[in-house]
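> Sharing protein35.pdb, PDB, C-alpha atoms:
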```
MODEL        1
ATOM      1  CA  MET K   1       0.000   0.000   0.000
ATOM      2  CA  LYS K   2       2.733   2.429   0.992
ATOM      3  CA  LYS K   3       4.678   1.554  -2.133
ATOM      4  CA  TYR K   4       1.580   2.182  -4.212
ATOM      5  CA  ILE K   5       1.096   5.636  -2.714
ATOM      6  CA  LEU K   6       4.779   6.416  -3.203
ATOM      7  CA  GLY K   7       4.541   5.302  -6.817
ATOM      8  CA  MET K   8       1.479   7.492  -7.348
ATOM      9  CA  THR K   9       3.234  10.483  -5.807
ATOM     10  CA  LEU K  10       6.300   9.999  -7.980
ATOM     11  CA  CYS K  11       4.080   9.683 -11.022
ATOM     12  CA  VAL K  12       2.282  12.965 -10.265
ATOM     13  CA  ILE K  13       5.589  14.710  -9.627
ATOM     14  CA  SER K  14       7.079  13.478 -12.860
ATOM     15  CA  ILE K  15       4.083  14.767 -14.838
ATOM     16  CA  ASN K  16       4.403  18.169 -13.178
ATOM     17  CA  ALA K  17       8.132  18.305 -13.612
ATOM     18  CA  GLY K  18       8.343  18.815 -17.329
ATOM     19  CA  GLY K  19       6.631  16.788 -20.013
ATOM     20  CA  PHE K  20       3.076  16.924 -21.233
ATOM     21  CA  ASN K  21       0.561  14.318 -20.091
ATOM     22  CA  PRO K  22       0.061  11.447 -22.591
ATOM     23  CA  PRO K  23      -2.941  12.869 -24.502
ATOM     24  CA  MET K  24      -1.256  16.260 -24.803
ATOM     25  CA  GLN K  25       1.989  14.609 -25.909
ATOM     26  CA  ALA K  26       0.026  12.753 -28.578
ATOM     27  CA  TYR K  27      -1.392  16.084 -29.756
ATOM     28  CA  ILE K  28       2.095  17.608 -29.820
ATOM     29  CA  ASN K  29       3.290  14.631 -31.883
ATOM     30  CA  THR K  30       0.470  15.175 -34.372
ATOM     31  CA  LEU K  31       1.456  18.831 -34.672
ATOM     32  CA  LYS K  32       5.074  17.747 -35.245
ATOM     33  CA  THR K  33       4.058  15.450 -38.068
ATOM     34  CA  GLN K  34       2.057  18.256 -39.665
ATOM     35  CA  ALA K  35       4.901  20.743 -39.209
ATOM     36  CA  LYS K  36       7.293  18.354 -40.893
ATOM     37  CA  GLN K  37       4.912  17.882 -43.794
ATOM     38  CA  ALA K  38       4.750  21.647 -44.263
ATOM     39  CA  ASP K  39       8.509  22.142 -43.933
ATOM     40  CA  THR K  40      11.017  19.338 -44.447
ATOM     41  CA  GLY K  41      13.665  21.344 -42.577
ATOM     42  CA  PHE K  42      11.565  21.313 -39.400
ATOM     43  CA  SER K  43      13.214  19.553 -36.449
ATOM     44  CA  ASP K  44      11.382  20.515 -33.256
ATOM     45  CA  PHE K  45       9.229  23.209 -31.717
ATOM     46  CA  ASP K  46      10.986  26.130 -30.138
ATOM     47  CA  ALA K  47       9.895  28.124 -27.076
ATOM     48  CA  LYS K  48      11.905  31.135 -28.267
ATOM     49  CA  ARG K  49       9.892  31.341 -31.500
ATOM     50  CA  GLY K  50       6.794  30.766 -29.394
ATOM     51  CA  GLU K  51       7.640  33.756 -27.238
ATOM     52  CA  LYS K  52       7.642  35.988 -30.301
ATOM     53  CA  ILE K  53       4.298  34.607 -31.409
ATOM     54  CA  PHE K  54       2.939  35.309 -27.951
ATOM     55  CA  LEU K  55       4.316  38.806 -27.382
ATOM     56  CA  SER K  56       4.215  40.377 -30.848
ATOM     57  CA  LYS K  57       1.378  42.783 -31.601
ATOM     58  CA  HIS K  58      -0.949  42.570 -34.576
ATOM     59  CA  ILE K  59      -4.066  44.267 -35.854
ATOM     60  CA  GLY K  60      -6.535  41.663 -34.693
ATOM     61  CA  LYS K  61     -10.063  40.633 -35.559
ATOM     62  CA  ARG K  62     -11.528  43.668 -33.789
ATOM     63  CA  GLY K  63      -9.392  45.982 -35.914
ATOM     64  CA  THR K  64      -7.269  47.101 -32.976
ATOM     65  CA  GLU K  65      -3.732  46.238 -31.919
ATOM     66  CA  VAL K  66      -3.600  43.098 -29.838
ATOM     67  CA  SER K  67      -1.248  40.306 -28.753
ATOM     68  CA  CYS K  68      -1.706  37.100 -26.785
ATOM     69  CA  ALA K  69      -0.342  39.042 -23.822
ATOM     70  CA  SER K  70      -3.187  41.573 -24.089
ATOM     71  CA  CYS K  71      -5.368  39.042 -22.284
ATOM     72  CA  HIS K  72      -2.831  36.751 -20.636
ATOM     73  CA  SER K  73      -0.334  39.476 -19.558
ATOM     74  CA  GLN K  74       3.376  39.366 -20.337
ATOM     75  CA  ASN K  75       3.984  37.544 -17.088
ATOM     76  CA  LEU K  76       2.287  34.209 -17.635
ATOM     77  CA  THR K  77       2.470  33.226 -13.980
ATOM     78  CA  SER K  78       0.193  36.113 -13.022
ATOM     79  CA  ALA K  79      -3.510  36.443 -13.751
ATOM     80  CA  GLY K  80      -4.547  38.120 -16.972
ATOM     81  CA  LYS K  81      -7.547  40.219 -17.909
ATOM     82  CA  ASN K  82      -9.668  40.512 -20.999
ATOM     83  CA  PRO K  83      -9.237  44.199 -21.911
ATOM     84  CA  VAL K  84     -12.674  44.390 -23.530
ATOM     85  CA  THR K  85     -14.834  42.741 -20.881
ATOM     86  CA  ASN K  86     -12.601  43.285 -17.841
ATOM     87  CA  LYS K  87     -13.022  39.616 -16.935
ATOM     88  CA  SER K  88      -9.990  38.251 -15.097
ATOM     89  CA  ILE K  89      -8.209  35.185 -16.506
ATOM     90  CA  LYS K  90      -6.354  32.684 -14.352
ATOM     91  CA  PRO K  91      -2.596  32.373 -15.051
ATOM     92  CA  LEU K  92      -1.647  30.558 -18.248
ATOM     93  CA  ALA K  93       1.665  29.181 -16.954
ATOM     94  CA  PRO K  94       1.364  25.535 -15.873
ATOM     95  CA  SER K  95       3.753  26.289 -12.992
ATOM     96  CA  ALA K  96       1.204  28.699 -11.555
ATOM     97  CA  ASN K  97      -1.914  26.883 -12.742
ATOM     98  CA  PRO K  98      -1.367  23.110 -13.090
ATOM     99  CA  SER K  99      -4.628  22.577 -15.008
ATOM    100  CA  ARG K 100      -3.192  24.433 -18.040
ATOM    101  CA  LEU K 101      -2.203  22.429 -21.124
ATOM    102  CA  THR K 102      -3.695  19.245 -19.721
ATOM    103  CA  GLU K 103      -6.837  18.920 -21.882
ATOM    104  CA  VAL K 104      -6.399  18.615 -25.632
ATOM    105  CA  ALA K 105      -9.927  19.745 -26.503
ATOM    106  CA  GLU K 106      -9.567  22.901 -24.385
ATOM    107  CA  VAL K 107      -6.194  23.733 -25.869
ATOM    108  CA  GLN K 108      -7.441  23.209 -29.441
ATOM    109  CA  LYS K 109     -10.548  25.287 -28.844
ATOM    110  CA  TRP K 110      -8.656  28.240 -27.390
ATOM    111  CA  LEU K 111      -5.813  28.169 -29.916
ATOM    112  CA  LYS K 112      -8.335  28.325 -32.753
ATOM    113  CA  ARG K 113     -10.235  31.218 -31.178
ATOM    114  CA  ASN K 114      -7.226  33.122 -29.927
ATOM    115  CA  PHE K 115      -5.180  32.891 -33.127
ATOM    116  CA  ASN K 116      -8.222  34.143 -35.022
ATOM    117  CA  ASP K 117      -8.576  37.047 -32.593
ATOM    118  CA  VAL K 118      -4.925  38.077 -32.761
ATOM    119  CA  TYR K 119      -3.743  36.906 -36.211
ATOM    120  CA  LYS K 120      -7.098  36.891 -38.058
ATOM    121  CA  ARG K 121      -6.347  33.325 -39.149
ATOM    122  CA  GLU K 122      -5.749  29.984 -37.500
ATOM    123  CA  GLY K 123      -2.251  29.138 -36.351
ATOM    124  CA  THR K 124      -0.074  26.749 -38.374
ATOM    125  CA  ALA K 125       0.995  23.475 -36.757
ATOM    126  CA  GLN K 126       4.437  24.908 -36.143
ATOM    127  CA  GLU K 127       3.119  28.123 -34.600
ATOM    128  CA  LYS K 128       0.843  26.183 -32.298
ATOM    129  CA  GLY K 129       3.647  23.862 -31.194
ATOM    130  CA  ASP K 130       6.063  26.742 -30.673
ATOM    131  CA  VAL K 131       3.616  28.699 -28.560
ATOM    132  CA  LEU K 132       2.701  25.621 -26.516
ATOM    133  CA  TYR K 133       6.378  24.992 -25.798
ATOM    134  CA  TYR K 134       6.698  28.619 -24.734
ATOM    135  CA  ILE K 135       3.687  28.441 -22.393
ATOM    136  CA  LYS K 136       4.868  25.109 -21.045
ATOM    137  CA  SER K 137       8.276  26.599 -20.201
ATOM    138  CA  LYS K 138       6.610  29.152 -17.926
TER
ATOM    139  CA  MET D   1     -67.773  32.784 -12.420
ATOM    140  CA  HIS D   2     -65.399  32.326 -15.343
ATOM    141  CA  LYS D   3     -65.071  36.037 -15.754
ATOM    142  CA  LYS D   4     -64.134  36.442 -12.123
ATOM    143  CA  ILE D   5     -61.374  33.871 -12.399
ATOM    144  CA  ILE D   6     -60.022  35.456 -15.521
ATOM    145  CA  ILE D   7     -60.098  38.921 -14.015
ATOM    146  CA  SER D   8     -58.381  37.833 -10.838
ATOM    147  CA  ALA D   9     -55.821  35.945 -12.878
ATOM    148  CA  ILE D  10     -55.063  39.106 -14.817
ATOM    149  CA  LEU D  11     -54.860  41.124 -11.624
ATOM    150  CA  LEU D  12     -52.667  38.542  -9.980
ATOM    151  CA  SER D  13     -50.198  38.399 -12.832
ATOM    152  CA  GLY D  14     -50.106  42.181 -12.805
ATOM    153  CA  ILE D  15     -49.250  42.112  -9.140
ATOM    154  CA  VAL D  16     -46.517  39.559  -9.644
ATOM    155  CA  PHE D  17     -44.881  41.564 -12.395
ATOM    156  CA  ALA D  18     -45.240  44.905 -10.677
ATOM    157  CA  ASP D  19     -44.000  43.632  -7.339
ATOM    158  CA  GLU D  20     -40.943  45.672  -6.487
ATOM    159  CA  GLY D  21     -39.710  42.995  -4.123
ATOM    160  CA  GLY D  22     -40.204  40.316  -6.788
ATOM    161  CA  ARG D  23     -37.379  38.234  -8.120
ATOM    162  CA  ASP D  24     -35.266  39.848 -10.817
ATOM    163  CA  VAL D  25     -33.862  37.211 -13.177
ATOM    164  CA  ALA D  26     -33.416  33.475 -12.732
ATOM    165  CA  PRO D  27     -29.741  32.892 -11.853
ATOM    166  CA  ALA D  28     -27.536  31.197 -14.459
ATOM    167  CA  LYS D  29     -26.083  28.172 -12.752
ATOM    168  CA  ASN D  30     -25.604  25.796 -15.675
ATOM    169  CA  THR D  31     -22.041  24.455 -15.447
ATOM    170  CA  MET D  32     -21.498  24.061 -19.186
ATOM    171  CA  TYR D  33     -22.858  27.534 -19.894
ATOM    172  CA  LEU D  34     -20.640  29.121 -17.269
ATOM    173  CA  LYS D  35     -17.581  27.208 -18.420
ATOM    174  CA  GLU D  36     -17.965  28.080 -22.079
ATOM    175  CA  CYS D  37     -19.362  31.601 -21.898
ATOM    176  CA  ALA D  38     -18.278  33.058 -18.594
ATOM    177  CA  SER D  39     -14.549  32.570 -19.188
ATOM    178  CA  CYS D  40     -14.582  35.712 -21.309
ATOM    179  CA  HIS D  41     -17.329  37.767 -19.689
ATOM    180  CA  PHE D  42     -19.954  37.787 -16.975
ATOM    181  CA  GLY D  43     -22.369  34.863 -17.308
ATOM    182  CA  TYR D  44     -25.378  36.891 -18.403
ATOM    183  CA  GLN D  45     -28.610  35.208 -17.358
ATOM    184  CA  PRO D  46     -30.612  33.671 -20.223
ATOM    185  CA  GLY D  47     -33.613  35.640 -18.928
ATOM    186  CA  LEU D  48     -32.007  38.888 -20.047
ATOM    187  CA  LEU D  49     -32.813  38.398 -23.741
ATOM    188  CA  PRO D  50     -35.662  36.829 -25.718
ATOM    189  CA  LYS D  51     -35.282  33.517 -27.480
ATOM    190  CA  ARG D  52     -34.878  35.052 -30.957
ATOM    191  CA  SER D  53     -31.871  37.048 -29.742
ATOM    192  CA  TRP D  54     -30.106  34.006 -28.296
ATOM    193  CA  THR D  55     -30.757  31.965 -31.423
ATOM    194  CA  LYS D  56     -29.319  34.701 -33.614
ATOM    195  CA  MET D  57     -26.275  35.095 -31.362
ATOM    196  CA  MET D  58     -25.519  31.392 -31.178
ATOM    197  CA  ASN D  59     -25.603  31.162 -34.951
ATOM    198  CA  ASN D  60     -22.779  33.652 -35.274
ATOM    199  CA  LEU D  61     -20.213  32.607 -32.672
ATOM    200  CA  ASP D  62     -17.328  32.853 -35.153
ATOM    201  CA  ASN D  63     -17.774  36.589 -34.944
ATOM    202  CA  HIS D  64     -19.127  37.188 -31.466
ATOM    203  CA  PHE D  65     -18.893  40.956 -30.903
ATOM    204  CA  GLY D  66     -15.618  40.949 -32.810
ATOM    205  CA  THR D  67     -14.076  37.815 -31.318
ATOM    206  CA  ASP D  68     -14.030  34.169 -32.258
ATOM    207  CA  ALA D  69     -16.115  32.330 -29.674
ATOM    208  CA  SER D  70     -16.762  29.243 -31.783
ATOM    209  CA  LEU D  71     -17.861  26.002 -30.121
ATOM    210  CA  ASP D  72     -17.999  22.407 -31.266
ATOM    211  CA  PRO D  73     -21.480  21.540 -32.652
ATOM    212  CA  LYS D  74     -22.547  19.464 -29.654
ATOM    213  CA  THR D  75     -21.671  22.098 -27.072
ATOM    214  CA  LYS D  76     -23.220  24.787 -29.213
ATOM    215  CA  ALA D  77     -26.500  22.856 -29.457
ATOM    216  CA  TYR D  78     -26.539  22.207 -25.716
ATOM    217  CA  ILE D  79     -25.953  25.840 -24.787
ATOM    218  CA  THR D  80     -28.422  27.146 -27.365
ATOM    219  CA  ARG D  81     -31.051  24.888 -25.844
ATOM    220  CA  TYR D  82     -30.244  26.097 -22.336
ATOM    221  CA  LEU D  83     -30.430  29.744 -23.375
ATOM    222  CA  THR D  84     -33.639  29.455 -25.359
ATOM    223  CA  LEU D  85     -35.441  27.320 -22.766
ATOM    224  CA  ASN D  86     -34.698  29.976 -20.142
ATOM    225  CA  SER D  87     -34.955  33.128 -22.276
ATOM    226  CA  ALA D  88     -36.785  36.262 -21.138
ATOM    227  CA  ASP D  89     -39.895  35.207 -23.080
ATOM    228  CA  SER D  90     -39.876  31.582 -21.889
ATOM    229  CA  VAL D  91     -42.182  30.026 -19.292
ATOM    230  CA  ASN D  92     -39.133  29.537 -17.095
ATOM    231  CA  ALA D  93     -38.751  33.306 -16.844
ATOM    232  CA  GLY D  94     -42.321  33.671 -15.580
ATOM    233  CA  GLY D  95     -42.506  35.756 -12.407
ATOM    234  CA  TYR D  96     -39.075  37.321 -12.895
ATOM    235  CA  LYS D  97     -39.678  41.043 -13.187
ATOM    236  CA  ARG D  98     -36.535  42.099 -15.050
ATOM    237  CA  SER D  99     -37.035  39.380 -17.651
ATOM    238  CA  TYR D 100     -40.583  40.561 -18.112
ATOM    239  CA  LYS D 101     -39.617  44.199 -18.395
ATOM    240  CA  ILE D 102     -36.723  43.654 -20.770
ATOM    241  CA  ASN D 103     -38.775  41.421 -23.010
ATOM    242  CA  ASN D 104     -41.685  43.819 -22.919
ATOM    243  CA  SER D 105     -39.476  46.720 -23.960
ATOM    244  CA  ILE D 106     -38.254  45.052 -27.161
ATOM    245  CA  SER D 107     -40.449  45.292 -30.234
ATOM    246  CA  THR D 108     -41.359  41.902 -31.599
ATOM    247  CA  ASN D 109     -39.666  42.478 -34.966
ATOM    248  CA  GLN D 110     -36.302  43.090 -33.313
ATOM    249  CA  ALA D 111     -33.709  40.649 -32.028
ATOM    250  CA  PRO D 112     -31.120  42.743 -30.163
ATOM    251  CA  LEU D 113     -27.809  41.049 -29.388
ATOM    252  CA  ARG D 114     -26.618  43.469 -26.750
ATOM    253  CA  ILE D 115     -28.533  43.363 -23.474
ATOM    254  CA  SER D 116     -27.148  46.840 -22.827
ATOM    255  CA  GLN D 117     -29.030  48.186 -25.844
ATOM    256  CA  THR D 118     -32.487  46.956 -24.984
ATOM    257  CA  PRO D 119     -34.884  49.840 -24.249
ATOM    258  CA  TYR D 120     -35.534  48.768 -20.644
ATOM    259  CA  PHE D 121     -31.817  48.483 -19.911
ATOM    260  CA  LEU D 122     -31.102  51.885 -21.459
ATOM    261  CA  ARG D 123     -33.903  53.464 -19.440
ATOM    262  CA  GLU D 124     -32.555  51.976 -16.214
ATOM    263  CA  HIS D 125     -29.015  53.187 -16.854
ATOM    264  CA  ARG D 126     -29.669  56.596 -18.404
ATOM    265  CA  GLU D 127     -28.773  58.450 -15.200
ATOM    266  CA  VAL D 128     -25.461  56.711 -14.634
ATOM    267  CA  PRO D 129     -22.666  59.256 -15.151
ATOM    268  CA  LYS D 130     -20.518  58.548 -18.192
ATOM    269  CA  GLN D 131     -17.295  58.542 -16.163
ATOM    270  CA  ALA D 132     -18.769  55.922 -13.860
ATOM    271  CA  ILE D 133     -19.004  53.592 -16.846
ATOM    272  CA  THR D 134     -15.811  54.418 -18.719
ATOM    273  CA  GLN D 135     -13.551  54.357 -15.647
ATOM    274  CA  LYS D 136     -10.971  51.574 -15.525
ATOM    275  CA  ALA D 137     -12.697  49.590 -12.793
ATOM    276  CA  VAL D 138     -15.864  49.256 -14.907
ATOM    277  CA  GLY D 139     -15.014  49.639 -18.588
ATOM    278  CA  SER D 140     -18.449  49.294 -20.110
ATOM    279  CA  LEU D 141     -22.111  48.725 -19.334
ATOM    280  CA  ALA D 142     -21.589  45.058 -20.201
ATOM    281  CA  ASN D 143     -19.579  44.547 -17.010
ATOM    282  CA  CYS D 144     -22.581  43.898 -14.736
ATOM    283  CA  THR D 145     -20.664  42.718 -11.680
ATOM    284  CA  ALA D 146     -18.557  45.875 -11.523
ATOM    285  CA  CYS D 147     -21.509  47.641  -9.872
ATOM    286  CA  HIS D 148     -24.230  45.040  -9.260
ATOM    287  CA  THR D 149     -22.700  43.157  -6.351
ATOM    288  CA  THR D 150     -25.354  40.431  -6.461
ATOM    289  CA  ALA D 151     -25.590  40.067 -10.256
ATOM    290  CA  PHE D 152     -24.393  36.482 -10.161
ATOM    291  CA  GLU D 153     -27.425  35.556  -8.042
ATOM    292  CA  GLY D 154     -29.658  37.217 -10.650
ATOM    293  CA  SER D 155     -30.389  40.127  -8.343
ATOM    294  CA  TYR D 156     -30.020  43.640  -9.746
ATOM    295  CA  SER D 157     -31.718  45.520  -6.938
ATOM    296  CA  GLU D 158     -30.867  49.137  -6.264
ATOM    297  CA  ARG D 159     -29.704  48.307  -2.754
ATOM    298  CA  ALA D 160     -26.943  46.035  -4.031
ATOM    299  CA  ILE D 161     -25.431  48.603  -6.404
ATOM    300  CA  LYS D 162     -21.967  49.869  -5.560
ATOM    301  CA  ILE D 163     -20.348  51.916  -8.306
ATOM    302  CA  PRO D 164     -16.589  51.931  -7.733
ATOM    303  CA  ASN D 165     -15.315  55.401  -6.816
ATOM    304  CA  PHE D 166     -18.836  56.872  -6.908
ATOM    305  CA  ARG D 167     -20.536  57.374  -3.554
ATOM    306  CA  ASN D 168     -24.174  57.190  -2.587
ATOM    307  CA  TRP D 169     -25.451  56.132  -5.944
ATOM    308  CA  GLU D 170     -28.303  54.223  -4.256
ATOM    309  CA  GLU D 171     -29.912  57.425  -3.055
ATOM    310  CA  GLU D 172     -30.190  58.920  -6.519
ATOM    311  CA  GLY D 173     -31.712  56.231  -8.680
ATOM    312  CA  ASP D 174     -35.190  54.780  -8.693
ATOM    313  CA  ASP D 175     -35.692  51.070  -8.596
ATOM    314  CA  ASP D 176     -38.136  50.165 -11.282
TER
ENDMDL
END
```
I need this file expressed as structure tokens, please.


Amino acid sequence: MKKYILGMTLCVISINAGGFNPPMQAYINTLKTQAKQADTGFSDFDAKRGEKIFLSKHIGKRGTEVSCASCHSQNLTSAGKNPVTNKSIKPLAPSANPSRLTEVAEVQKWLKRNFNDVYKREGTAQEKGDVLYYIKSK
Amino acid sequence: MHKKIIISAILLSGIVFADEGGRDVAPAKNTMYLKECASCHFGYQPGLLPKRSWTKMMNNLDNHFGTDASLDPKTKAYITRYLTLNSADSVNAGGYKRSYKINNSISTNQAPLRISQTPYFLREHREVPKQAITQKAVGSLANCTACHTTAFEGSYSERAIKIPNFRNWEEEGDDD
């Protein structure tokens, strides 16, 4: 029994300490395959490129300047706020909010919406992977 | 005999709707609705708009007031059903005075998408100073909870209004 609990604890710690959970890793792998198809030179996602995707400003869907940080703040471990509705948003960084990047359907839904809002188009597989690596590193 | 019943029924319903102490709007407590809609803004109660408005809104989620709020078809159908079954003109809104008044203020050939542009809403907020709305702590009239401290419970009574940085608002307005 004790061993079982210890094993469980270790398991939870190892999930928190770096990698994605299995369904999310499967999603990342799918994105990798797609990124490779689009660009044969592609090797892996890159948090540094993701940071640029996240922080750079664009004329968004509303016709005003916006970035991912407009809602999520530049400091991903702190709470964000939707500038239009004033609604607060819990931190995006998994280190501050362990439920982040754990549910594939949630992640897909928000990436679709949020890329459309900021970039007026959906993200490419590579952009999505890069930005997920960036968020994950926070 | 019949006439009497009908007359008292009419009187009764009048009393219910005119009752100042009556309930305002049925609270929105549906988990799916709150999860999907209230992550971006206050979870507006379904009883704040008529069915035709909700239907129109839910059919255009890709461009929801300038943002992409798209949902998968199953979730969209579920939430549309929740909103329309509890809309301001539904039986479930019966007895809720704000639902009645909002619905009554909208002409039947209109399907407004903004609660804040319905005639009843505009009437109720016409005396609010502009700076009270545009200030940072509020932002816009769509931010119900900034001033209505009990909005989540579906209660918009005058007593529970606290405009940030504006004192004694309660004493100025009239609660109808």

> Show me, as a PyMOL selection string, every residue of chain K with an atom at most 8 Å from chain D, counting only C-alpha atoms.

chain K and resi 61-62+82+84-87+89+109+113-114+116-117

> So that I can check the surroundings of Lys138 (chain K), please list as a list in words every protein, DNA and RNA residue that reaches within 7 Å of it, counting only C-alpha atoms and ignoring chain neighbours fewer than 2 positions away.

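Contacts, in chain order: Leu76, Ala93, Pro94, Ser95, Tyr134, Ile135 and Lys136 of chain K.
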
> I would like the residues chosen by the PyMOL selection byres ((chain D and resi 55) around 10) on the shown file; could you give them as a PyMOL selection string?

chain D and resi 50-54+56-60+80-81+83-84+111+113

> Neighbouring residues of Lys29 (chain D) were defined as those with any atom within 9 Å, considering all atoms listed in the file; residues of the same chain fewer than 3 positions away were excluded. Please report them as a list in words.

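Selected residues are Met32, Tyr33, Leu34, Gly43, Gln45, Phe152 and Glu153 of chain D.
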
> Rounded to one decimal, what separation in Å do you get between CA of Ile102 (chain D) and CA of Arg123 (chain D)?

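Computing the Euclidean distance for CA of Ile102 (chain D) and CA of Arg123 (chain D) yields 10.3 Å.
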
> Between CA of Gly123 (chain K) and CA of Lys81 (chain K), what is the distance, to one decimal in Å?

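Answer for the CA of Gly123 (chain K) to CA of Lys81 (chain K) separation: 22.2 Å.
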
> If the PyMOL selection byres ((chain K and resi 51) around 12) is run on the structure shown, which residues does it catch, given as a PyMOL selection string?

chain K and resi 45-50+52-57+67-69+74-76+127-138

> Contacts of region 16-32 of chain K at 7 Å or less, counting all atoms listed in the file, minus same-chain residues fewer than 5 places along, as number ranges by chain?

K: 102-104, 125-126, 129

> Write out, as a PDB file, in the frame of the given file, the residues just selected, with C-alpha atoms.


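Okay, this is what ended up in result28.pdb:
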```
ATOM      1  CA  THR K 102      -3.695  19.245 -19.721  1.00  0.00           C
ATOM      2  CA  GLU K 103      -6.837  18.920 -21.882  1.00  0.00           C
ATOM      3  CA  VAL K 104      -6.399  18.615 -25.632  1.00  0.00           C
ATOM      4  CA  ALA K 125       0.995  23.475 -36.757  1.00  0.00           C
ATOM      5  CA  GLN K 126       4.437  24.908 -36.143  1.00  0.00           C
ATOM      6  CA  GLY K 129       3.647  23.862 -31.194  1.00  0.00           C
TER       7      GLY K 129
END
```

> As an exercise, work out the distance from CA of Leu122 (chain D) to CA of Thr150 (chain D) in Å and give it to one decimal place.

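According to the coordinates, CA of Leu122 (chain D) and CA of Thr150 (chain D) are separated by 19.7 Å.
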